[in-house]
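Enquirer: Quick one: the structure is below, questions incoming.
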Amino acid sequence: MTSKLSATEYRLIVEHSPVMIWRSGLDAKCDYFNEPWLAFTGRTLEQEAGDGWAEGVHQDDLERCVSHYLDHFHRRAPFEMEYRLRRHDGVYRWIFDRGVPFADDRGAFAGYIGSCIDIDEAHKAREAERRRNVEQLAAARDFEKWILAIVSHDIRNPLAAIHSAAQHLRLLGDGSPQLAQHAVVVSRSASRIQHLVSELLDQAREREGMGIPIAPSSVDLGTICRHAVDELLAAAPDREIGFECEADGLGEWDAHRVLQAVSNLIGNGVQHGAPGTPVRVRLTGDADRVVVEVESRGVIPDDMRPLLFEPFHSRRHSEKAEGLGLGLFIARAIAQAHGGHLAFESSGGHTRFRLVLPRRTAGSRRANGL
């Protein structure tokens, strides 16, 4: 049968514990420090008593440390904190301090008891690791910018030349159907690479906080939607893509960017919708805004929904992904650049994306940096 420790035994444990221990009374002022604390600071109990202990706290940590302690004291809640405490040789060491409220023999709140350990090596190692991570992230971003600069200038220019040369071959060839077919393949492949390059640059601009650059002008969204549908029908002739225009499509948008967004949404429906099923595009609106809805068969899995608009998400999670997985990310960024938004609903065997745009864009952002 075990027996409780006596008051003397408790006192001996506290006095000779390798842990630094303190106590405060009802006034939140300290009235006790054990020998390890006094040995660490090189000061007497009289010097440390009251608020004297705070003289050893590093100036940069003092306000935070005292505020944290008093806040928890008034709420009578346990607390943990880290701060630098001056050792007897004048060196500041990081300390982990944990304080808990205690009660007297009658069960009434009597103050706090705290225990401290020296964590200087662990803290410095953690800080060194954090600095290394920050430096590696900065280096990675610099490398990414360098790569994007190459992609932007040193790849797009020869791609444009390849595309142009393929067009000339097709128009000026000797009438050979094989040559014409090869020219079409080269031109289509060059266009595809140009599209991927543009997506990467758009993603980089958005991640750097630049936003998607737009140049609004008076355009007809109905015409843009028909153009997008025709392009996708040419690329996927075996799919049915319908368009219903139920509202006036006139407004002020960046025609190229809005076409890009609508094409991305229709392409997403063609690629991820149930095979062989139709994709429906519908334009509605009122005096202030327009809405482009793209509906396809199939439901988005629950685990994919929270990350649906993340860059490269569909590439990581779908076996059907052929591009970079940036289509929905860029479509939403284009909507936001125009002061609108992109949302979706997926239930009952159908998935519907809603691109909402105000008829007048408040301003335009020009491309810069990339």
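FYI, nothing fancy with the structure tokens labels: chains A, B, ... in order, residues from 1 per chain, ligands from 1 as they appear.
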Please provide the set of residues having any atom within 10 Å of segment 75-91 of chain A, restricted to only C-alpha atoms, with same-chain residues fewer than 3 positions apart removed, written as a PyMOL selection string.

Expert: chain A and resi 37-43+53-62+64-65+68-72+94-102+109+111-120+123

Enquirer: Skipping near chain neighbours, those fewer than 3 positions away, what residues fall within 9 Å of Ala110 of chain A using only C-alpha atoms, listed as a list in words?

Expert: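 Here the answer would be Ser24, Gly25, Leu26, Pro101, Phe102, Ala103, Asp104 and Gly107 of chain A.
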
Enquirer: Any chance you can output those residues with N, CA and C atoms as a CSV table (one decimal), in the first residue's frame?

Expert:
chain,number,residue,atom,x,y,z
A,24,SER,N,3.8,32.1,-6.8
A,24,SER,CA,3.3,33.4,-6.6
A,24,SER,C,2.1,33.4,-5.8
A,25,GLY,N,1.8,34.4,-5.1
A,25,GLY,CA,0.6,34.5,-4.2
A,25,GLY,C,-0.6,35.1,-4.9
A,26,LEU,N,-1.6,35.5,-4.0
A,26,LEU,CA,-2.8,36.1,-4.6
A,26,LEU,C,-2.6,37.4,-5.3
A,101,PRO,N,-2.4,27.1,-11.6
A,101,PRO,CA,-3.0,27.6,-10.3
A,101,PRO,C,-3.0,26.5,-9.3
A,102,PHE,N,-2.9,26.9,-8.0
A,102,PHE,CA,-3.0,25.9,-6.9
A,102,PHE,C,-3.9,26.4,-5.8
A,103,ALA,N,-4.4,25.5,-5.0
A,103,ALA,CA,-5.4,25.8,-4.0
A,103,ALA,C,-4.8,25.5,-2.6
A,104,ASP,N,-5.3,26.2,-1.6
A,104,ASP,CA,-4.8,26.0,-0.2
A,104,ASP,C,-5.6,24.8,0.4
A,107,GLY,N,-9.2,24.5,-0.3
A,107,GLY,CA,-9.6,24.5,-1.7
A,107,GLY,C,-9.8,25.8,-2.3

Enquirer: I'd like to know which of A:Leu250, A:Val294, A:Ile330, A:Ile214 is closest to Leu201 of chain A, using only C-alpha atoms.

Expert: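 Smallest separation from Leu201 of chain A among the options: A:Ile330.
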
Enquirer: If you count only C-alpha atoms, which residues fall within 9 Å of Glu15 of chain A, apart from same-chain ones fewer than 5 positions away, as an MDAnalysis selection string?

Expert: chainID A and resid 10 21 33:36

Enquirer: Grab the residues selected above and save them as a PDB file, in the first residue's frame with C-alpha atoms.

Expert:
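Final output, again.pdb:
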ATOM      1  CA  TYR A  10       7.562  17.539  -0.979  1.00  0.00           C
ATOM      2  CA  ILE A  21      10.457  26.239  -9.691  1.00  0.00           C
ATOM      3  CA  PHE A  33      12.153  30.361  -6.029  1.00  0.00           C
ATOM      4  CA  ASN A  34      13.953  27.077  -5.522  1.00  0.00           C
ATOM      5  CA  GLU A  35      17.722  26.611  -5.479  1.00  0.00           C
ATOM      6  CA  PRO A  36      18.086  25.657  -9.175  1.00  0.00           C
TER       7      PRO A  36
END
